[in-house]
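Listing of input.cif; format and content: mmCIF, C-alpha atoms and all ligand atoms.
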data_structure
loop_
_atom_site.group_PDB
_atom_site.id
_atom_site.type_symbol
_atom_site.label_atom_id
_atom_site.label_comp_id
_atom_site.auth_asym_id
_atom_site.auth_seq_id
_atom_site.Cartn_x
_atom_site.Cartn_y
_atom_site.Cartn_z
ATOM 1 C CA MET I 4 31.617 88.045 -38.079
ATOM 2 C CA ALA I 5 32.483 85.469 -40.692
ATOM 3 C CA HIS I 6 32.393 81.762 -39.865
ATOM 4 C CA GLU I 7 35.708 79.932 -39.998
ATOM 5 C CA LEU I 8 36.653 76.341 -40.715
ATOM 6 C CA PRO I 9 37.552 74.775 -37.354
ATOM 7 C CA ALA I 10 40.806 72.827 -37.162
ATOM 8 C CA LEU I 11 40.534 69.078 -36.701
ATOM 9 C CA PRO I 12 41.091 68.009 -33.071
ATOM 10 C CA TYR I 13 43.581 65.328 -34.243
ATOM 11 C CA ASP I 14 46.120 64.705 -37.012
ATOM 12 C CA TYR I 15 44.851 63.779 -40.484
ATOM 13 C CA LYS I 16 46.401 60.331 -40.105
ATOM 14 C CA ALA I 17 45.017 59.769 -36.619
ATOM 15 C CA LEU I 18 41.851 57.897 -37.635
ATOM 16 C CA GLU I 19 43.599 55.340 -39.838
ATOM 17 C CA PRO I 20 43.064 52.574 -40.733
ATOM 18 C CA TYR I 21 39.332 53.202 -40.295
ATOM 19 C CA LEU I 22 39.326 56.542 -42.095
ATOM 20 C CA THR I 23 42.180 57.433 -44.426
ATOM 21 C CA GLU I 24 44.270 60.583 -44.396
ATOM 22 C CA GLU I 25 43.215 61.241 -47.995
ATOM 23 C CA ILE I 26 39.499 61.198 -47.190
ATOM 24 C CA LEU I 27 39.957 63.350 -44.106
ATOM 25 C CA HIS I 28 41.943 65.967 -46.049
ATOM 26 C CA LEU I 29 39.374 66.179 -48.843
ATOM 27 C CA HIS I 30 36.395 66.020 -46.512
ATOM 28 C CA HIS I 31 37.618 68.653 -44.063
ATOM 29 C CA ASP I 32 39.724 70.946 -46.276
ATOM 30 C CA LYS I 33 37.459 70.950 -49.338
ATOM 31 C CA HIS I 34 33.914 69.841 -48.492
ATOM 32 C CA HIS I 35 33.519 71.358 -45.033
ATOM 33 C CA ALA I 36 35.353 74.485 -46.180
ATOM 34 C CA ALA I 37 32.818 74.886 -48.990
ATOM 35 C CA TYR I 38 29.929 74.916 -46.494
ATOM 36 C CA VAL I 39 31.679 77.603 -44.458
ATOM 37 C CA THR I 40 32.124 79.685 -47.615
ATOM 38 C CA GLY I 41 28.493 79.070 -48.586
ATOM 39 C CA LEU I 42 27.176 80.063 -45.167
ATOM 40 C CA ASN I 43 29.235 83.250 -45.125
ATOM 41 C CA ALA I 44 27.985 84.128 -48.609
ATOM 42 C CA ALA I 45 24.363 83.506 -47.590
ATOM 43 C CA GLU I 46 24.693 85.642 -44.458
ATOM 44 C CA ALA I 47 26.316 88.422 -46.503
ATOM 45 C CA LYS I 48 23.311 88.283 -48.857
ATOM 46 C CA VAL I 49 20.931 88.613 -45.899
ATOM 47 C CA ALA I 50 22.772 91.724 -44.754
ATOM 48 C CA ALA I 51 22.741 93.136 -48.298
ATOM 49 C CA MET I 52 18.991 92.486 -48.684
ATOM 50 C CA VAL I 53 18.207 94.259 -45.429
ATOM 51 C CA GLU I 54 20.548 97.127 -46.310
ATOM 52 C CA ALA I 55 18.981 97.598 -49.761
ATOM 53 C CA GLY I 56 15.399 96.898 -48.726
ATOM 54 C CA ASP I 57 15.213 94.485 -51.665
ATOM 55 C CA TYR I 58 14.069 91.004 -50.675
ATOM 56 C CA ALA I 59 13.695 89.421 -54.108
ATOM 57 C CA ALA I 60 16.380 86.831 -53.282
ATOM 58 C CA ALA I 61 14.927 85.950 -49.860
ATOM 59 C CA ASN I 62 13.709 82.468 -50.794
ATOM 60 C CA ALA I 63 16.973 81.416 -52.464
ATOM 61 C CA VAL I 64 18.968 82.784 -49.549
ATOM 62 C CA ALA I 65 16.812 80.910 -47.032
ATOM 63 C CA ASN I 66 17.610 77.705 -48.920
ATOM 64 C CA ASP I 67 21.345 78.463 -48.782
ATOM 65 C CA LEU I 68 21.192 79.285 -45.071
ATOM 66 C CA ALA I 69 19.557 75.931 -44.331
ATOM 67 C CA PHE I 70 21.895 73.892 -46.541
ATOM 68 C CA HIS I 71 25.266 75.534 -45.879
ATOM 69 C CA GLY I 72 24.485 76.437 -42.271
ATOM 70 C CA SER I 73 23.454 72.866 -41.436
ATOM 71 C CA GLY I 74 26.457 71.551 -43.379
ATOM 72 C CA HIS I 75 28.872 73.678 -41.353
ATOM 73 C CA ILE I 76 27.244 72.835 -38.012
ATOM 74 C CA LEU I 77 26.996 69.082 -38.671
ATOM 75 C CA HIS I 78 30.604 68.766 -39.885
ATOM 76 C CA SER I 79 31.889 70.783 -36.915
ATOM 77 C CA MET I 80 30.160 68.248 -34.635
ATOM 78 C CA PHE I 81 31.196 65.250 -36.708
ATOM 79 C CA TRP I 82 34.953 65.849 -36.282
ATOM 80 C CA THR I 83 34.645 65.968 -32.492
ATOM 81 C CA ASN I 84 32.253 62.986 -32.473
ATOM 82 C CA MET I 85 35.277 60.906 -33.550
ATOM 83 C CA LYS I 86 38.631 60.217 -31.921
ATOM 84 C CA PRO I 87 41.576 57.853 -32.379
ATOM 85 C CA GLY I 88 40.849 54.716 -30.360
ATOM 86 C CA GLY I 89 37.124 55.442 -30.190
ATOM 87 C CA GLY I 90 34.248 52.994 -30.151
ATOM 88 C CA GLY I 91 33.093 50.930 -27.213
ATOM 89 C CA GLU I 92 30.012 51.958 -25.278
ATOM 90 C CA PRO I 93 28.875 55.129 -23.519
ATOM 91 C CA THR I 94 28.788 55.423 -19.729
ATOM 92 C CA GLY I 95 26.895 57.447 -17.155
ATOM 93 C CA ASP I 96 23.742 59.404 -17.922
ATOM 94 C CA LEU I 97 24.043 58.845 -21.689
ATOM 95 C CA ALA I 98 24.255 55.069 -21.225
ATOM 96 C CA ALA I 99 21.279 55.115 -18.845
ATOM 97 C CA MET I 100 19.140 57.164 -21.236
ATOM 98 C CA ILE I 101 20.013 54.872 -24.146
ATOM 99 C CA SER I 102 19.128 51.766 -22.124
ATOM 100 C CA ASN I 103 15.877 53.260 -20.835
ATOM 101 C CA GLN I 104 14.787 54.442 -24.225
ATOM 102 C CA PHE I 105 15.925 51.668 -26.562
ATOM 103 C CA GLY I 106 16.123 48.668 -24.218
ATOM 104 C CA SER I 107 19.886 48.211 -24.494
ATOM 105 C CA PHE I 108 22.959 49.673 -26.161
ATOM 106 C CA ASP I 109 22.891 46.878 -28.752
ATOM 107 C CA HIS I 110 19.294 47.717 -29.681
ATOM 108 C CA PHE I 111 20.199 51.397 -30.011
ATOM 109 C CA LYS I 112 23.223 50.550 -32.152
ATOM 110 C CA ALA I 113 21.145 48.358 -34.457
ATOM 111 C CA LEU I 114 18.500 51.086 -34.836
ATOM 112 C CA PHE I 115 21.058 53.838 -35.398
ATOM 113 C CA LEU I 116 22.946 51.836 -38.020
ATOM 114 C CA ALA I 117 19.779 50.685 -39.806
ATOM 115 C CA THR I 118 18.438 54.257 -39.917
ATOM 116 C CA THR I 119 21.761 55.674 -41.113
ATOM 117 C CA ASN I 120 22.399 52.988 -43.709
ATOM 118 C CA ALA I 121 18.905 53.467 -45.161
ATOM 119 C CA VAL I 122 19.203 57.211 -45.810
ATOM 120 C CA GLN I 123 18.482 57.624 -49.521
ATOM 121 C CA GLY I 124 21.304 59.460 -51.278
ATOM 122 C CA SER I 125 23.366 61.980 -49.333
ATOM 123 C CA GLY I 126 22.689 62.466 -45.646
ATOM 124 C CA TRP I 127 23.430 61.766 -42.021
ATOM 125 C CA GLY I 128 22.564 59.464 -39.196
ATOM 126 C CA VAL I 129 21.639 61.562 -36.172
ATOM 127 C CA LEU I 130 21.110 60.895 -32.474
ATOM 128 C CA ALA I 131 19.451 63.956 -30.983
ATOM 129 C CA TYR I 132 18.255 65.094 -27.573
ATOM 130 C CA ARG I 133 14.697 66.439 -27.330
ATOM 131 C CA LYS I 134 14.350 68.683 -24.323
ATOM 132 C CA MET I 135 10.545 68.912 -24.563
ATOM 133 C CA ASP I 136 10.144 65.446 -23.089
ATOM 134 C CA ASN I 137 13.736 64.646 -22.073
ATOM 135 C CA ALA I 138 14.040 62.036 -24.831
ATOM 136 C CA LEU I 139 16.585 60.759 -27.332
ATOM 137 C CA VAL I 140 15.584 60.563 -31.006
ATOM 138 C CA VAL I 141 17.255 58.633 -33.845
ATOM 139 C CA LEU I 142 16.847 60.412 -37.190
ATOM 140 C CA GLY I 143 18.048 59.978 -40.760
ATOM 141 C CA ALA I 144 18.664 63.387 -42.335
ATOM 142 C CA GLU I 145 18.738 63.911 -46.105
ATOM 143 C CA LYS I 146 21.349 66.340 -47.474
ATOM 144 C CA HIS I 147 22.085 68.308 -44.274
ATOM 145 C CA GLU I 148 18.823 70.016 -43.489
ATOM 146 C CA ASN I 149 15.974 67.768 -44.624
ATOM 147 C CA ARG I 150 14.072 65.043 -42.816
ATOM 148 C CA THR I 151 14.942 66.294 -39.369
ATOM 149 C CA GLN I 152 12.696 67.064 -36.393
ATOM 150 C CA SER I 153 12.300 70.594 -35.086
ATOM 151 C CA GLY I 154 13.382 71.471 -31.589
ATOM 152 C CA VAL I 155 15.969 68.736 -31.120
ATOM 153 C CA THR I 156 19.698 69.062 -30.480
ATOM 154 C CA PRO I 157 21.935 66.620 -32.374
ATOM 155 C CA ILE I 158 24.571 65.031 -30.122
ATOM 156 C CA LEU I 159 25.933 62.305 -32.436
ATOM 157 C CA VAL I 160 26.116 62.668 -36.212
ATOM 158 C CA LEU I 161 27.447 60.252 -38.817
ATOM 159 C CA ASP I 162 28.147 61.505 -42.344
ATOM 160 C CA VAL I 163 27.015 59.106 -45.093
ATOM 161 C CA TRP I 164 27.476 61.365 -48.089
ATOM 162 C CA GLU I 165 29.593 59.428 -50.570
ATOM 163 C CA HIS I 166 32.451 61.929 -50.074
ATOM 164 C CA ALA I 167 32.691 60.664 -46.468
ATOM 165 C CA TYR I 168 33.614 57.083 -47.355
ATOM 166 C CA TYR I 169 33.613 56.180 -51.045
ATOM 167 C CA LEU I 170 37.390 56.398 -51.658
ATOM 168 C CA GLN I 171 37.908 53.771 -48.958
ATOM 169 C CA TYR I 172 34.696 51.778 -48.578
ATOM 170 C CA LYS I 173 33.425 52.079 -52.185
ATOM 171 C CA ASN I 174 29.685 51.359 -52.349
ATOM 172 C CA VAL I 175 29.512 49.483 -49.032
ATOM 173 C CA ARG I 176 28.144 52.197 -46.755
ATOM 174 C CA ALA I 177 27.412 49.663 -44.012
ATOM 175 C CA ASP I 178 31.129 48.895 -43.647
ATOM 176 C CA TRP I 179 31.856 52.590 -43.073
ATOM 177 C CA THR I 180 29.082 53.066 -40.495
ATOM 178 C CA LYS I 181 30.107 49.873 -38.663
ATOM 179 C CA ALA I 182 33.747 51.025 -38.557
ATOM 180 C CA PHE I 183 32.618 54.404 -37.218
ATOM 181 C CA MET I 184 30.553 52.867 -34.413
ATOM 182 C CA GLU I 185 33.110 50.247 -33.426
ATOM 183 C CA ASN I 186 36.387 52.176 -33.801
ATOM 184 C CA LEU I 187 35.890 55.935 -34.092
ATOM 185 C CA VAL I 188 32.890 57.233 -32.142
ATOM 186 C CA ASN I 189 33.883 59.476 -29.227
ATOM 187 C CA TRP I 190 31.269 58.748 -26.552
ATOM 188 C CA ASP I 191 32.829 61.267 -24.156
ATOM 189 C CA ASP I 192 32.081 64.022 -26.650
ATOM 190 C CA VAL I 193 28.518 62.755 -27.163
ATOM 191 C CA ALA I 194 27.995 62.678 -23.368
ATOM 192 C CA LYS I 195 29.283 66.266 -23.073
ATOM 193 C CA ARG I 196 26.891 67.364 -25.789
ATOM 194 C CA LEU I 197 23.971 65.651 -24.018
ATOM 195 C CA ALA I 198 24.812 67.383 -20.734
ATOM 196 C CA ALA I 199 25.096 70.754 -22.496
ATOM 197 C CA ALA I 200 21.772 70.225 -24.308
ATOM 198 C CA LYS I 201 20.020 69.503 -21.015
HETATM 199 MN MN MN3 T 1 30.458 65.586 -45.382
#

Turn this file's structure into structure tokens for me.
Amino acid sequence: MAHELPALPYDYKALEPYLTEEILHLHHDKHHAAYVTGLNAAEAKVAAMVEAGDYAAANAVANDLAFHGSGHILHSMFWTNMKPGGGGEPTGDLAAMISNQFGSFDHFKALFLATTNAVQGSGWGVLAYRKMDNALVVLGAEKHENRTQSGVTPILVLDVWEHAYYLQYKNVRADWTKAFMENLVNWDDVAKRLAAAK
């Protein structure tokens, strides 16, 4: 059962002017597609190792599963975490949890942006739900799979690899993350993901 690249839930031009058609085409059709291919290749290697009883490649394959698997999962979330005419503030249970945990939406936003902007090199800003104590956690992931916390479910992810913004925002990552939060984030999708995680 091979993984497939999911279609975008909107047109490639739909997120302009905050995210260009060119970036979205390259990011979805080339970069995300490569993680799908990588994950399928890694899972095929797992099957081949088990079939042959030869586990010499197990460590390399585990690395590929973490990298390409996380890349596929995070990008699949990322597309639905955005929508044309997004931004604003969450409502309902998500808004209440954010206020309870971080003091206010503005405090959360400042923390999320600071954490995301400070990720060294390629990575993601992540808001995750931790079922163990019914909490929200703000994380800054490196690459796709590093510097996370076990046992949490990401509900909002923001790609800050250079491929996500450099053609439009050049070296000013903070302009990209601000545009995402103010004009693209789909809080309805984040709320749905929180409810599902609970
Ligand atoms: Mn990416």

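If one restricts the calculation to all atoms listed in the file, the set of residues situated within 9 Å of ligand MN3 1 (chain T) consists of His30, His31, His34, His35, Gly74, Leu77, His78, Phe81, Ser125, Gly126, Trp127, His147, Leu161, Asp162, Val163, Trp164, Glu165, His166 and Ala167 of chain I.
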
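For the set I:Ala59, I:Val160, I:Ala131, I:Met184, the residue with the smallest atom-to-atom gap to Asp109 (chain I) is I:Met184, counting all atoms listed in the file.
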
Let me make sure I understand: among I:Ala199, I:Val193, I:Ala69, I:Leu116, which one has the smallest atom-to-atom distance to Pro93 (chain I) if we use all atoms listed in the file? I:Val193

If the PyMOL selection byres (((chain I and resi 61) around 12) and not hetatm) is run on the structure shown, which residues does it catch, given as number ranges by chain? I: 45-46, 48-53, 56-60, 62-68

Run through the PyMOL selection byres (((chain I and resi 9-19) around 12) and not hetatm) on the given coordinates and return the selected residues as a ChimeraX atom specification. /I:6-8,20-32,35-36,38-39,75-76,78-90,171,182-183,186-189,192

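Using only C-alpha atoms, the shortest contact distance between Gly154 (chain I) and any of I:Ala55, I:Val122, I:Ala117, I:Ala200 is found at I:Ala200.
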
Just need the box for region 76-93 of chain I, edges along x, y and z, holding every atom the file lists for it with 8 Å tacked onto each side, so centre and edge lengths in Å to one decimal, as lines of an AutoDock Vina configuration file.
center_x = 34.3
center_y = 61.9
center_z = -31.7
size_x = 30.6
size_y = 37.9
size_z = 32.4

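From CA of Tyr168 (chain I) back to CA of Gln123 (chain I), the distance works out to 15.3 Å.
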
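Atom to atom, CA of Ala121 (chain I) and CA of Met135 (chain I) stand 27.1 Å apart.
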
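Here CA of Val140 (chain I) and CA of Phe70 (chain I) stand 21.4 Å from one another.
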
Which residues come within 8 Å of Thr118 (chain I), counting only C-alpha atoms, excluding same-chain residues fewer than 2 positions away, as number ranges by chain? I: 114-116, 120-122, 128, 141-143

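The closest residue to Ala98 (chain I), picked from I:Ala194, I:Lys201, I:Gly72, I:Leu130 and counting only C-alpha atoms, is I:Ala194.
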
Within-7 Å shell of (23.7, 62.1, -24.0) in input frame, only C-alpha atoms, as a PyMOL selection string: chain I and resi 96-97+158+193-194+196-198

Please supply region 13-41 of chain I, rebuilt with N, CA and C atoms, as a PDB file, in the coordinates of the input.
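Printed below is out32.pdb as written:
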ATOM      1  N   TYR I  13      42.570  66.394 -34.184  1.00  0.00           N
ATOM      2  CA  TYR I  13      43.581  65.328 -34.243  1.00  0.00           C
ATOM      3  C   TYR I  13      44.280  65.441 -35.592  1.00  0.00           C
ATOM      4  N   ASP I  14      45.370  64.709 -35.759  1.00  0.00           N
ATOM      5  CA  ASP I  14      46.120  64.705 -37.012  1.00  0.00           C
ATOM      6  C   ASP I  14      45.303  64.015 -38.116  1.00  0.00           C
ATOM      7  N   TYR I  15      45.584  64.371 -39.359  1.00  0.00           N
ATOM      8  CA  TYR I  15      44.851  63.779 -40.484  1.00  0.00           C
ATOM      9  C   TYR I  15      45.045  62.260 -40.593  1.00  0.00           C
ATOM     10  N   LYS I  16      46.150  61.781 -40.054  1.00  0.00           N
ATOM     11  CA  LYS I  16      46.401  60.331 -40.105  1.00  0.00           C
ATOM     12  C   LYS I  16      45.833  59.601 -38.894  1.00  0.00           C
ATOM     13  N   ALA I  17      45.315  60.339 -37.943  1.00  0.00           N
ATOM     14  CA  ALA I  17      45.017  59.769 -36.619  1.00  0.00           C
ATOM     15  C   ALA I  17      43.875  58.754 -36.625  1.00  0.00           C
ATOM     16  N   LEU I  18      43.016  58.797 -37.636  1.00  0.00           N
ATOM     17  CA  LEU I  18      41.851  57.897 -37.635  1.00  0.00           C
ATOM     18  C   LEU I  18      42.069  56.662 -38.512  1.00  0.00           C
ATOM     19  N   GLU I  19      43.288  56.543 -39.054  1.00  0.00           N
ATOM     20  CA  GLU I  19      43.599  55.340 -39.838  1.00  0.00           C
ATOM     21  C   GLU I  19      43.724  54.140 -38.904  1.00  0.00           C
ATOM     22  N   PRO I  20      43.405  52.931 -39.355  1.00  0.00           N
ATOM     23  CA  PRO I  20      43.064  52.574 -40.733  1.00  0.00           C
ATOM     24  C   PRO I  20      41.570  52.701 -41.038  1.00  0.00           C
ATOM     25  N   TYR I  21      40.797  53.208 -40.108  1.00  0.00           N
ATOM     26  CA  TYR I  21      39.332  53.202 -40.295  1.00  0.00           C
ATOM     27  C   TYR I  21      38.850  54.344 -41.181  1.00  0.00           C
ATOM     28  N   LEU I  22      39.646  55.432 -41.211  1.00  0.00           N
ATOM     29  CA  LEU I  22      39.326  56.542 -42.095  1.00  0.00           C
ATOM     30  C   LEU I  22      40.653  57.110 -42.583  1.00  0.00           C
ATOM     31  N   THR I  23      40.854  57.113 -43.897  1.00  0.00           N
ATOM     32  CA  THR I  23      42.180  57.433 -44.426  1.00  0.00           C
ATOM     33  C   THR I  23      42.481  58.930 -44.373  1.00  0.00           C
ATOM     34  N   GLU I  24      43.788  59.199 -44.361  1.00  0.00           N
ATOM     35  CA  GLU I  24      44.270  60.583 -44.396  1.00  0.00           C
ATOM     36  C   GLU I  24      43.727  61.310 -45.625  1.00  0.00           C
ATOM     37  N   GLU I  25      43.686  60.612 -46.751  1.00  0.00           N
ATOM     38  CA  GLU I  25      43.215  61.241 -47.995  1.00  0.00           C
ATOM     39  C   GLU I  25      41.767  61.702 -47.873  1.00  0.00           C
ATOM     40  N   ILE I  26      40.913  60.825 -47.349  1.00  0.00           N
ATOM     41  CA  ILE I  26      39.499  61.198 -47.190  1.00  0.00           C
ATOM     42  C   ILE I  26      39.369  62.367 -46.226  1.00  0.00           C
ATOM     43  N   LEU I  27      40.095  62.306 -45.119  1.00  0.00           N
ATOM     44  CA  LEU I  27      39.957  63.350 -44.106  1.00  0.00           C
ATOM     45  C   LEU I  27      40.409  64.705 -44.657  1.00  0.00           C
ATOM     46  N   HIS I  28      41.494  64.709 -45.434  1.00  0.00           N
ATOM     47  CA  HIS I  28      41.943  65.967 -46.049  1.00  0.00           C
ATOM     48  C   HIS I  28      40.871  66.528 -46.981  1.00  0.00           C
ATOM     49  N   LEU I  29      40.375  65.701 -47.891  1.00  0.00           N
ATOM     50  CA  LEU I  29      39.374  66.179 -48.843  1.00  0.00           C
ATOM     51  C   LEU I  29      38.098  66.602 -48.128  1.00  0.00           C
ATOM     52  N   HIS I  30      37.673  65.784 -47.178  1.00  0.00           N
ATOM     53  CA  HIS I  30      36.395  66.020 -46.512  1.00  0.00           C
ATOM     54  C   HIS I  30      36.431  67.307 -45.685  1.00  0.00           C
ATOM     55  N   HIS I  31      37.498  67.469 -44.916  1.00  0.00           N
ATOM     56  CA  HIS I  31      37.618  68.653 -44.063  1.00  0.00           C
ATOM     57  C   HIS I  31      38.038  69.890 -44.871  1.00  0.00           C
ATOM     58  N   ASP I  32      39.113  69.768 -45.643  1.00  0.00           N
ATOM     59  CA  ASP I  32      39.724  70.946 -46.276  1.00  0.00           C
ATOM     60  C   ASP I  32      38.927  71.444 -47.479  1.00  0.00           C
ATOM     61  N   LYS I  33      38.205  70.546 -48.133  1.00  0.00           N
ATOM     62  CA  LYS I  33      37.459  70.950 -49.338  1.00  0.00           C
ATOM     63  C   LYS I  33      35.957  71.011 -49.086  1.00  0.00           C
ATOM     64  N   HIS I  34      35.378  69.873 -48.631  1.00  0.00           N
ATOM     65  CA  HIS I  34      33.914  69.841 -48.492  1.00  0.00           C
ATOM     66  C   HIS I  34      33.423  70.718 -47.338  1.00  0.00           C
ATOM     67  N   HIS I  35      33.971  70.526 -46.152  1.00  0.00           N
ATOM     68  CA  HIS I  35      33.519  71.358 -45.033  1.00  0.00           C
ATOM     69  C   HIS I  35      33.814  72.828 -45.321  1.00  0.00           C
ATOM     70  N   ALA I  36      34.996  73.092 -45.867  1.00  0.00           N
ATOM     71  CA  ALA I  36      35.353  74.485 -46.180  1.00  0.00           C
ATOM     72  C   ALA I  36      34.334  75.129 -47.111  1.00  0.00           C
ATOM     73  N   ALA I  37      33.797  74.338 -48.045  1.00  0.00           N
ATOM     74  CA  ALA I  37      32.818  74.886 -48.990  1.00  0.00           C
ATOM     75  C   ALA I  37      31.520  75.287 -48.287  1.00  0.00           C
ATOM     76  N   TYR I  38      31.142  74.533 -47.231  1.00  0.00           N
ATOM     77  CA  TYR I  38      29.929  74.916 -46.494  1.00  0.00           C
ATOM     78  C   TYR I  38      30.158  76.192 -45.696  1.00  0.00           C
ATOM     79  N   VAL I  39      31.362  76.367 -45.174  1.00  0.00           N
ATOM     80  CA  VAL I  39      31.679  77.603 -44.458  1.00  0.00           C
ATOM     81  C   VAL I  39      31.590  78.790 -45.419  1.00  0.00           C
ATOM     82  N   THR I  40      32.180  78.627 -46.601  1.00  0.00           N
ATOM     83  CA  THR I  40      32.124  79.685 -47.615  1.00  0.00           C
ATOM     84  C   THR I  40      30.674  79.975 -48.011  1.00  0.00           C
ATOM     85  N   GLY I  41      29.890  78.913 -48.190  1.00  0.00           N
ATOM     86  CA  GLY I  41      28.493  79.070 -48.586  1.00  0.00           C
ATOM     87  C   GLY I  41      27.661  79.763 -47.523  1.00  0.00           C
TER      88      GLY I  41
END
